[in-house]
$ cat my_file_39.cif   # mmCIF, C-alpha atoms, pLDDT in the B column; chains and numbers go by the auth columns
data_protein
#
loop_
_atom_site.group_PDB
_atom_site.id
_atom_site.type_symbol
_atom_site.label_atom_id
_atom_site.label_comp_id
_atom_site.label_asym_id
_atom_site.label_seq_id
_atom_site.Cartn_x
_atom_site.Cartn_y
_atom_site.Cartn_z
_atom_site.B_iso_or_equiv
_atom_site.auth_seq_id
_atom_site.auth_asym_id
ATOM 1 C CA MET A 1 -10.343 13.829 56.360 38.00 23 A
ATOM 2 C CA TYR A 2 -14.003 14.142 55.398 33.00 24 A
ATOM 3 C CA PHE A 3 -13.141 17.096 53.185 32.00 25 A
ATOM 4 C CA ALA A 4 -10.507 15.044 51.323 39.00 26 A
ATOM 5 C CA LEU A 5 -12.943 12.143 50.892 30.00 27 A
ATOM 6 C CA PHE A 6 -15.675 14.486 49.631 33.00 28 A
ATOM 7 C CA THR A 7 -13.218 16.080 47.220 37.00 29 A
ATOM 8 C CA SER A 8 -12.135 12.688 45.843 34.00 30 A
ATOM 9 C CA LEU A 9 -15.730 11.528 45.359 27.00 31 A
ATOM 10 C CA ALA A 10 -16.629 14.770 43.618 37.00 32 A
ATOM 11 C CA TYR A 11 -13.621 14.399 41.304 32.00 33 A
ATOM 12 C CA LEU A 12 -14.484 10.782 40.418 31.00 34 A
ATOM 13 C CA THR A 13 -18.109 11.731 39.773 34.00 35 A
ATOM 14 C CA ALA A 14 -17.034 14.550 37.477 33.00 36 A
ATOM 15 C CA CYS A 15 -14.664 12.237 35.603 35.00 37 A
ATOM 16 C CA ASN A 16 -17.401 9.621 35.188 35.00 38 A
ATOM 17 C CA CYS A 17 -19.845 12.201 33.873 33.00 39 A
ATOM 18 C CA TRP A 18 -17.241 13.617 31.517 28.00 40 A
ATOM 19 C CA THR A 19 -16.358 10.150 30.195 33.00 41 A
ATOM 20 C CA THR A 20 -20.006 9.207 29.741 34.00 42 A
ATOM 21 C CA LYS A 21 -20.667 12.448 27.891 36.00 43 A
ATOM 22 C CA ASP A 22 -17.636 11.896 25.631 41.00 44 A
ATOM 23 C CA GLU A 23 -18.681 8.301 24.904 41.00 45 A
ATOM 24 C CA LYS A 24 -22.183 9.367 23.982 43.00 46 A
ATOM 25 C CA ASN A 25 -20.753 11.994 21.670 46.00 47 A
ATOM 26 C CA GLY A 26 -18.406 9.389 20.186 51.00 48 A
ATOM 27 C CA ASP A 27 -15.309 11.236 21.412 54.00 49 A
ATOM 28 C CA ILE A 28 -12.836 8.701 22.766 53.00 50 A
ATOM 29 C CA CYS A 29 -9.242 9.814 23.384 53.00 51 A
ATOM 30 C CA GLY A 30 -9.642 12.683 20.939 55.00 52 A
ATOM 31 C CA LEU A 31 -10.876 10.506 18.044 65.00 53 A
ATOM 32 C CA SER A 32 -14.418 11.769 17.559 67.00 54 A
ATOM 33 C CA LYS A 33 -16.718 10.313 14.928 68.00 55 A
ATOM 34 C CA GLN A 34 -16.929 13.683 13.207 68.00 56 A
ATOM 35 C CA TRP A 35 -13.135 13.972 13.078 68.00 57 A
ATOM 36 C CA LEU A 36 -12.737 10.420 11.789 69.00 58 A
ATOM 37 C CA GLU A 37 -15.324 10.943 9.051 69.00 59 A
ATOM 38 C CA SER A 38 -13.513 14.082 7.881 73.00 60 A
ATOM 39 C CA THR A 39 -10.353 12.152 6.972 79.00 61 A
ATOM 40 C CA SER A 40 -9.670 11.364 3.318 82.00 62 A
ATOM 41 C CA VAL A 41 -7.308 9.187 1.280 86.00 63 A
ATOM 42 C CA SER A 42 -6.381 9.786 -2.348 87.00 64 A
ATOM 43 C CA MET A 43 -4.123 7.993 -4.833 88.00 65 A
ATOM 44 C CA GLU A 44 -2.170 9.247 -7.828 89.00 66 A
ATOM 45 C CA ILE A 45 -0.071 7.260 -10.306 90.00 67 A
ATOM 46 C CA ASN A 46 2.943 8.972 -11.848 91.00 68 A
ATOM 47 C CA LYS A 47 5.221 7.975 -14.740 88.00 69 A
ATOM 48 C CA LYS A 48 4.442 5.617 -17.635 86.00 70 A
ATOM 49 C CA GLY A 49 5.271 2.109 -18.798 84.00 71 A
ATOM 50 C CA PHE A 50 6.103 -0.798 -16.525 88.00 72 A
ATOM 51 C CA HIS A 51 7.706 1.286 -13.773 91.00 73 A
ATOM 52 C CA ARG A 52 5.443 3.729 -11.942 92.00 74 A
ATOM 53 C CA GLU A 53 5.084 5.637 -8.688 93.00 75 A
ATOM 54 C CA LEU A 54 1.966 5.420 -6.549 92.00 76 A
ATOM 55 C CA VAL A 55 1.481 8.497 -4.360 91.00 77 A
ATOM 56 C CA ASN A 56 -0.824 8.069 -1.356 90.00 78 A
ATOM 57 C CA THR A 57 -2.081 11.206 0.367 88.00 79 A
ATOM 58 C CA VAL A 58 -3.891 11.176 3.717 87.00 80 A
ATOM 59 C CA GLN A 59 -5.493 14.421 4.836 85.00 81 A
ATOM 60 C CA PHE A 60 -6.994 15.190 8.240 81.00 82 A
ATOM 61 C CA SER A 61 -9.074 18.001 9.639 75.00 83 A
ATOM 62 C CA PRO A 62 -7.551 20.318 12.286 74.00 84 A
ATOM 63 C CA ASP A 63 -6.758 19.230 15.856 71.00 85 A
ATOM 64 C CA VAL A 64 -4.771 16.142 14.873 69.00 86 A
ATOM 65 C CA PRO A 65 -3.809 14.163 18.023 69.00 87 A
ATOM 66 C CA GLY A 66 -0.098 14.425 18.635 70.00 88 A
ATOM 67 C CA ASP A 67 0.361 10.676 19.095 74.00 89 A
ATOM 68 C CA LEU A 68 -1.723 9.671 16.066 81.00 90 A
ATOM 69 C CA LYS A 69 -0.358 6.717 14.056 85.00 91 A
ATOM 70 C CA VAL A 70 -1.495 5.954 10.502 88.00 92 A
ATOM 71 C CA LEU A 71 -1.472 2.704 8.514 91.00 93 A
ATOM 72 C CA LEU A 72 -2.572 2.151 4.914 93.00 94 A
ATOM 73 C CA VAL A 73 -3.447 -1.407 3.885 93.00 95 A
ATOM 74 C CA HIS A 74 -3.060 -2.035 0.152 92.00 96 A
ATOM 75 C CA ARG A 75 -4.416 -5.263 -1.372 92.00 97 A
ATOM 76 C CA TRP A 76 -2.755 -5.424 -4.765 92.00 98 A
ATOM 77 C CA PRO A 77 -3.452 -7.798 -7.681 92.00 99 A
ATOM 78 C CA SER A 78 -0.960 -10.136 -9.335 91.00 100 A
ATOM 79 C CA GLY A 79 -0.495 -7.699 -12.238 91.00 101 A
ATOM 80 C CA ILE A 80 1.944 -5.542 -10.259 92.00 102 A
ATOM 81 C CA TYR A 81 4.709 -5.994 -7.719 92.00 103 A
ATOM 82 C CA VAL A 82 7.040 -3.991 -5.509 93.00 104 A
ATOM 83 C CA ASP A 83 10.764 -4.668 -5.383 92.00 105 A
ATOM 84 C CA PRO A 84 11.830 -5.520 -1.795 90.00 106 A
ATOM 85 C CA TYR A 85 15.447 -4.610 -2.571 89.00 107 A
ATOM 86 C CA GLN A 86 14.392 -1.214 -3.888 90.00 108 A
ATOM 87 C CA LEU A 87 12.213 -0.659 -0.817 88.00 109 A
ATOM 88 C CA ALA A 88 15.126 -1.533 1.467 86.00 110 A
ATOM 89 C CA SER A 89 17.307 1.013 -0.338 86.00 111 A
ATOM 90 C CA LEU A 90 14.619 3.689 -0.055 83.00 112 A
ATOM 91 C CA ASN A 91 14.177 2.872 3.614 80.00 113 A
ATOM 92 C CA ASP A 92 17.828 3.749 4.172 77.00 114 A
ATOM 93 C CA HIS A 93 17.479 7.156 2.518 76.00 115 A
ATOM 94 C CA SER A 94 13.893 8.162 3.340 77.00 116 A
ATOM 95 C CA ASP A 95 11.071 7.623 5.828 77.00 117 A
ATOM 96 C CA LEU A 96 9.203 5.130 3.633 81.00 118 A
ATOM 97 C CA GLN A 97 8.090 2.188 5.798 87.00 119 A
ATOM 98 C CA ILE A 98 6.416 -0.801 4.082 90.00 120 A
ATOM 99 C CA LEU A 99 5.693 -4.307 5.341 91.00 121 A
ATOM 100 C CA LEU A 100 4.807 -7.088 2.847 91.00 122 A
ATOM 101 C CA ASP A 101 2.789 -10.167 3.706 87.00 123 A
ATOM 102 C CA TYR A 102 4.999 -12.592 1.775 82.00 124 A
ATOM 103 C CA THR A 103 8.180 -12.819 -0.289 88.00 125 A
ATOM 104 C CA ILE A 104 7.851 -11.205 -3.718 90.00 126 A
ATOM 105 C CA ASP A 105 9.173 -13.103 -6.774 90.00 127 A
ATOM 106 C CA LEU A 106 10.392 -10.473 -9.226 90.00 128 A
ATOM 107 C CA GLU A 107 10.630 -12.742 -12.275 90.00 129 A
ATOM 108 C CA VAL A 108 7.327 -14.616 -12.600 91.00 130 A
ATOM 109 C CA PRO A 109 4.619 -13.296 -14.964 90.00 131 A
ATOM 110 C CA ALA A 110 1.239 -12.132 -13.745 89.00 132 A
ATOM 111 C CA HIS A 111 -0.640 -15.358 -14.542 88.00 133 A
ATOM 112 C CA LYS A 112 1.754 -17.477 -12.445 90.00 134 A
ATOM 113 C CA THR A 113 1.598 -15.541 -9.197 90.00 135 A
ATOM 114 C CA VAL A 114 -1.001 -14.153 -6.786 91.00 136 A
ATOM 115 C CA GLY A 115 -1.836 -10.793 -5.290 90.00 137 A
ATOM 116 C CA PHE A 116 -0.331 -9.560 -2.040 93.00 138 A
ATOM 117 C CA VAL A 117 -0.899 -7.174 0.845 93.00 139 A
ATOM 118 C CA ALA A 118 1.335 -4.190 1.599 93.00 140 A
ATOM 119 C CA LEU A 119 1.166 -2.318 4.907 93.00 141 A
ATOM 120 C CA VAL A 120 2.301 1.266 4.379 92.00 142 A
ATOM 121 C CA TYR A 121 3.187 3.578 7.275 91.00 143 A
ATOM 122 C CA PRO A 122 3.105 7.142 5.838 87.00 144 A
ATOM 123 C CA THR A 123 4.914 10.101 7.361 80.00 145 A
ATOM 124 C CA PRO A 124 3.970 13.803 7.597 76.00 146 A
ATOM 125 C CA ASP A 125 4.525 15.886 4.477 70.00 147 A
ATOM 126 C CA GLY A 126 6.968 18.525 5.649 67.00 148 A
ATOM 127 C CA GLN A 127 5.820 20.478 8.692 71.00 149 A
ATOM 128 C CA ASN A 128 2.106 19.904 8.114 74.00 150 A
ATOM 129 C CA PRO A 129 0.810 17.200 10.513 71.00 151 A
ATOM 130 C CA ARG A 130 -2.573 17.244 8.749 78.00 152 A
ATOM 131 C CA LEU A 131 -1.060 15.926 5.510 84.00 153 A
ATOM 132 C CA LEU A 132 0.711 12.589 5.172 86.00 154 A
ATOM 133 C CA LYS A 133 2.233 11.181 1.989 87.00 155 A
ATOM 134 C CA ALA A 134 3.812 7.914 0.897 89.00 156 A
ATOM 135 C CA THR A 135 5.345 7.491 -2.558 90.00 157 A
ATOM 136 C CA ILE A 136 5.691 3.811 -3.473 92.00 158 A
ATOM 137 C CA PRO A 137 7.554 2.528 -6.553 94.00 159 A
ATOM 138 C CA ILE A 138 5.433 -0.138 -8.255 93.00 160 A
ATOM 139 C CA HIS A 139 6.174 -2.251 -11.311 93.00 161 A
ATOM 140 C CA GLY A 140 3.956 -3.981 -13.859 91.00 162 A
ATOM 141 C CA ARG A 141 4.400 -7.703 -14.464 91.00 163 A
ATOM 142 C CA TYR A 142 4.535 -9.307 -17.877 89.00 164 A
ATOM 143 C CA HIS A 143 1.189 -10.734 -18.945 87.00 165 A
ATOM 144 C CA GLU A 144 0.258 -13.591 -21.243 85.00 166 A
ATOM 145 C CA PRO A 145 0.309 -12.600 -24.934 83.00 167 A
ATOM 146 C CA SER A 146 -3.028 -11.699 -26.447 78.00 168 A
ATOM 147 C CA PHE A 147 -4.517 -13.590 -29.405 80.00 169 A
ATOM 148 C CA VAL A 148 -7.361 -11.104 -29.981 80.00 170 A
ATOM 149 C CA SER A 149 -5.296 -8.068 -31.036 75.00 171 A
ATOM 150 C CA THR A 150 -5.365 -6.580 -27.537 78.00 172 A
ATOM 151 C CA LYS A 151 -2.353 -4.322 -27.094 83.00 173 A
ATOM 152 C CA TYR A 152 -2.871 -3.372 -23.450 84.00 174 A
ATOM 153 C CA VAL A 153 -4.345 -4.723 -20.235 86.00 175 A
ATOM 154 C CA PHE A 154 -5.621 -2.644 -17.334 89.00 176 A
ATOM 155 C CA VAL A 155 -4.560 -3.442 -13.788 89.00 177 A
ATOM 156 C CA ASN A 156 -6.919 -1.882 -11.260 90.00 178 A
ATOM 157 C CA LEU A 157 -5.609 -0.824 -7.869 89.00 179 A
ATOM 158 C CA GLY A 158 -8.283 -0.513 -5.213 87.00 180 A
ATOM 159 C CA ALA A 159 -8.186 2.287 -2.661 87.00 181 A
ATOM 160 C CA PRO A 160 -6.285 1.386 0.521 90.00 182 A
ATOM 161 C CA GLU A 161 -7.878 0.829 3.909 89.00 183 A
ATOM 162 C CA LEU A 162 -7.108 3.589 6.388 89.00 184 A
ATOM 163 C CA LEU A 163 -6.234 2.467 9.921 88.00 185 A
ATOM 164 C CA LEU A 164 -5.620 4.827 12.845 86.00 186 A
ATOM 165 C CA ARG A 165 -4.515 4.468 16.431 83.00 187 A
ATOM 166 C CA THR A 166 -3.218 6.523 19.346 79.00 188 A
ATOM 167 C CA ASP A 167 -1.021 5.358 22.196 74.00 189 A
ATOM 168 C CA THR A 168 -3.471 6.690 24.781 70.00 190 A
ATOM 169 C CA CYS A 169 -6.667 5.357 23.229 64.00 191 A
ATOM 170 C CA THR A 170 -7.714 1.842 24.229 60.00 192 A
ATOM 171 C CA ASP A 171 -11.531 1.937 24.236 58.00 193 A
ATOM 172 C CA HIS A 172 -12.998 1.986 20.710 55.00 194 A
ATOM 173 C CA GLN A 173 -16.422 0.495 21.358 57.00 195 A
ATOM 174 C CA TYR A 174 -18.220 3.768 20.622 54.00 196 A
ATOM 175 C CA LEU A 175 -16.627 4.299 17.212 60.00 197 A
ATOM 176 C CA GLU A 176 -19.221 2.481 15.098 63.00 198 A
ATOM 177 C CA PRO A 177 -19.478 2.030 12.119 64.00 199 A
ATOM 178 C CA HIS A 178 -15.680 1.902 12.277 68.00 200 A
ATOM 179 C CA SER A 179 -14.244 -1.452 13.304 74.00 201 A
ATOM 180 C CA LEU A 180 -11.271 -2.576 15.359 79.00 202 A
ATOM 181 C CA VAL A 181 -8.530 -4.791 13.875 83.00 203 A
ATOM 182 C CA ASP A 182 -5.125 -6.059 14.944 86.00 204 A
ATOM 183 C CA ALA A 183 -2.092 -5.171 12.807 89.00 205 A
ATOM 184 C CA PRO A 184 1.655 -4.680 13.308 90.00 206 A
ATOM 185 C CA CYS A 185 2.427 -1.525 15.264 86.00 207 A
ATOM 186 C CA THR A 186 5.301 -0.611 12.934 84.00 208 A
ATOM 187 C CA ALA A 187 7.022 -1.918 9.822 85.00 209 A
ATOM 188 C CA ALA A 188 9.485 -3.707 12.106 84.00 210 A
ATOM 189 C CA ASN A 189 6.643 -6.200 12.798 81.00 211 A
ATOM 190 C CA SER A 190 7.812 -6.781 16.363 79.00 212 A
ATOM 191 C CA SER A 191 4.437 -6.323 18.081 87.00 213 A
ATOM 192 C CA MET A 192 0.714 -6.076 17.355 88.00 214 A
ATOM 193 C CA CYS A 193 -1.568 -3.125 18.083 86.00 215 A
ATOM 194 C CA SER A 194 -5.267 -2.387 17.872 83.00 216 A
ATOM 195 C CA TRP A 195 -6.190 -0.105 14.968 85.00 217 A
ATOM 196 C CA VAL A 196 -9.466 1.596 14.065 82.00 218 A
ATOM 197 C CA THR A 197 -10.481 0.914 10.449 82.00 219 A
ATOM 198 C CA ILE A 198 -11.977 4.095 9.004 80.00 220 A
ATOM 199 C CA GLN A 199 -14.905 3.699 6.619 69.00 221 A
ATOM 200 C CA HIS A 200 -16.039 5.959 3.745 60.00 222 A
ATOM 201 C CA GLN A 201 -12.915 8.097 3.653 56.00 223 A
ATOM 202 C CA GLN A 202 -11.671 7.471 0.083 55.00 224 A
ATOM 203 C CA GLU A 203 -11.884 10.311 -2.398 56.00 225 A
ATOM 204 C CA GLN A 204 -11.671 7.920 -5.335 57.00 226 A
ATOM 205 C CA GLY A 205 -12.553 4.287 -5.903 63.00 227 A
ATOM 206 C CA HIS A 206 -9.466 2.971 -7.661 75.00 228 A
ATOM 207 C CA ALA A 207 -6.592 3.743 -9.979 82.00 229 A
ATOM 208 C CA SER A 208 -5.598 1.867 -13.149 85.00 230 A
ATOM 209 C CA LEU A 209 -2.346 0.987 -14.868 85.00 231 A
ATOM 210 C CA GLN A 210 -2.223 0.402 -18.613 86.00 232 A
ATOM 211 C CA ILE A 211 0.364 -2.290 -19.328 86.00 233 A
ATOM 212 C CA PRO A 212 1.362 -3.428 -22.850 85.00 234 A
ATOM 213 C CA VAL A 213 1.038 -7.119 -23.772 84.00 235 A
ATOM 214 C CA GLY A 214 2.564 -9.203 -26.538 79.00 236 A
ATOM 215 C CA ASP A 215 0.771 -10.210 -29.750 78.00 237 A
ATOM 216 C CA GLY A 216 0.131 -13.953 -29.552 76.00 238 A
ATOM 217 C CA SER A 217 -0.467 -14.238 -33.309 76.00 239 A
ATOM 218 C CA LEU A 218 3.241 -13.481 -33.891 79.00 240 A
ATOM 219 C CA VAL A 219 4.525 -16.412 -31.820 80.00 241 A
ATOM 220 C CA ILE A 220 4.859 -18.849 -34.765 85.00 242 A
ATOM 221 C CA PRO A 221 6.377 -16.328 -37.244 85.00 243 A
ATOM 222 C CA VAL A 222 8.866 -15.073 -34.646 86.00 244 A
ATOM 223 C CA CYS A 223 9.903 -18.583 -33.589 90.00 245 A
ATOM 224 C CA THR A 224 10.223 -19.704 -37.233 91.00 246 A
ATOM 225 C CA GLY A 225 12.300 -16.667 -38.173 92.00 247 A
ATOM 226 C CA THR A 226 14.544 -17.099 -35.132 93.00 248 A
ATOM 227 C CA LEU A 227 15.122 -20.776 -35.976 94.00 249 A
ATOM 228 C CA LEU A 228 15.954 -20.020 -39.634 94.00 250 A
ATOM 229 C CA VAL A 229 18.387 -17.223 -38.726 94.00 251 A
ATOM 230 C CA THR A 230 20.074 -19.479 -36.159 94.00 252 A
ATOM 231 C CA MET A 231 20.480 -22.305 -38.691 94.00 253 A
ATOM 232 C CA MET A 232 21.855 -19.939 -41.357 94.00 254 A
ATOM 233 C CA CYS A 233 24.416 -18.549 -38.909 93.00 255 A
ATOM 234 C CA CYS A 234 25.475 -22.056 -37.889 93.00 256 A
ATOM 235 C CA VAL A 235 25.933 -23.118 -41.538 90.00 257 A
ATOM 236 C CA ALA A 236 27.923 -19.959 -42.386 89.00 258 A
ATOM 237 C CA LEU A 237 30.102 -20.366 -39.309 88.00 259 A
ATOM 238 C CA SER A 238 30.731 -24.051 -40.079 87.00 260 A
ATOM 239 C CA LYS A 239 31.737 -23.295 -43.666 85.00 261 A
ATOM 240 C CA ASN A 240 34.122 -20.573 -42.536 83.00 262 A
ATOM 241 C CA ILE A 241 35.733 -22.877 -39.981 83.00 263 A
ATOM 242 C CA TRP A 242 36.123 -25.691 -42.588 82.00 264 A
ATOM 243 C CA LYS A 243 37.532 -23.286 -45.175 77.00 265 A
ATOM 244 C CA HIS A 244 40.245 -21.897 -42.926 75.00 266 A
ATOM 245 C CA GLY A 245 40.928 -25.175 -41.166 71.00 267 A
ATOM 246 C CA ILE A 246 40.273 -23.807 -37.732 65.00 268 A
ATOM 247 C CA PHE A 247 39.174 -26.620 -35.454 58.00 269 A
#

$ encode --input "my_file_39.cif" --output "structure tokens"
Amino acid sequence: MYFALFTSLAYLTACNCWTTKDEKNGDICGLSKQWLESTSVSMEINKKGFHRELVNTVQFSPDVPGDLKVLLVHRWPSGIYVDPYQLASLNDHSDLQILLDYTIDLEVPAHKTVGFVALVYPTPDGQNPRLLKATIPIHGRYHEPSFVSTKYVFVNLGAPELLLRTDTCTDHQYLEPHSLVDAPCTAANSSMCSWVTIQHQQEQGHASLQIPVGDGSLVIPVCTGTLLVTMMCCVALSKNIWKHGIF
């Protein structure tokens, strides 16, 4: 009996010392400060024109926890949008998981809408658990015409926030300067989880889209020409109808 009690006390003491040592070293549930600081996020924009692809790449150092979950938080300006119907179609044929913070209006121009937040849940790239990718189709919105001979506008996309969590990790108090936030566990948005926000992991500050804009100085000539052509067609059509007696 005394031997069992001594054994239990010795085990608890060893566990407490091990936990204290891990906490001092910033190693909680396998998420050490050194490992967290080694993570990186990069962005790349493919294609041209109004319809592009944004490729997010998350890269980790070795010894990735098996139950690690990753979330990218994009805060995008009003100059772009994502098509929810297109995302739903991609979700049926790929592992792309995206959650939007509000309903996207596909028709309104940039100056009549606001920015939005997209929560992206990337998946491993092939068999490499250290590399995660998410390819997101994005689209440029129409902008107000320019009256100063500006042919293009630049829409800047800031780097996403990287959030991490593990199912076995619940104590994050020793992970400073990283902070703890609540966010949906999955794109299904059925429950909330605690995520660690990783700081200083971006490889680049932002990416830019060059979107063409209309020439405002041509508004009056175009409208005048359209009106004249319409009137001429109406007169010609009326004369033809009167000539042939078709009423």

$ atom_distance --input "my_file_39.cif" --atom1 "CA of His165 (chain A)" --atom2 "CA of Thr125 (chain A)"
20.0 Å

$ closest_residue --input "my_file_39.cif" --among "A:Ser111, A:Thr246, A:Ser100, A:Gln149" --to "Lys134 (chain A)" --atoms "only C-alpha atoms"
A:Ser100

$ closest_residue --input "my_file_39.cif" --among "A:His266, A:Lys91, A:Lys261, A:His228" --to "Pro151 (chain A)" --atoms "all atoms listed in the file"
A:Lys91

$ atom_distance --input "my_file_39.cif" --atom1 "CA of Asn178 (chain A)" --atom2 "CA of Ala229 (chain A)"
5.8 Å

$ atom_distance --input "my_file_39.cif" --atom1 "CA of Ser213 (chain A)" --atom2 "CA of Leu184 (chain A)"
19.2 Å

$ resolve_selection --input "my_file_39.cif" --expression "the PyMOL selection byres ((chain A and resi 68) around 12)" --output "PyMOL selection string"
chain A and resi 65-67+69-78+157-161+229-231

$ closest_residue --input "my_file_39.cif" --among "A:Thr208, A:Asn113, A:Thr61, A:Thr172" --to "Ile233 (chain A)" --atoms "only C-alpha atoms"
A:Thr172

$ closest_residue --input "my_file_39.cif" --among "A:Lys265, A:Arg187, A:Lys173, A:Arg163" --to "Asp127 (chain A)" --atoms "all atoms listed in the file"
A:Arg163

$ resolve_selection --input "my_file_39.cif" --expression "the PyMOL selection byres ((chain A and resi 96) around 8)" --output "ChimeraX atom specification"
/A:94-95,97-98,139-142,180-183

$ closest_residue --input "my_file_39.cif" --among "A:Val170, A:Val175, A:Val203, A:Ile126" --to "Tyr107 (chain A)" --atoms "all atoms listed in the file"
A:Ile126

$ resolve_selection --input "my_file_39.cif" --expression "the PyMOL selection byres ((chain A and resi 206) around 10)" --output "count of residues only"
16
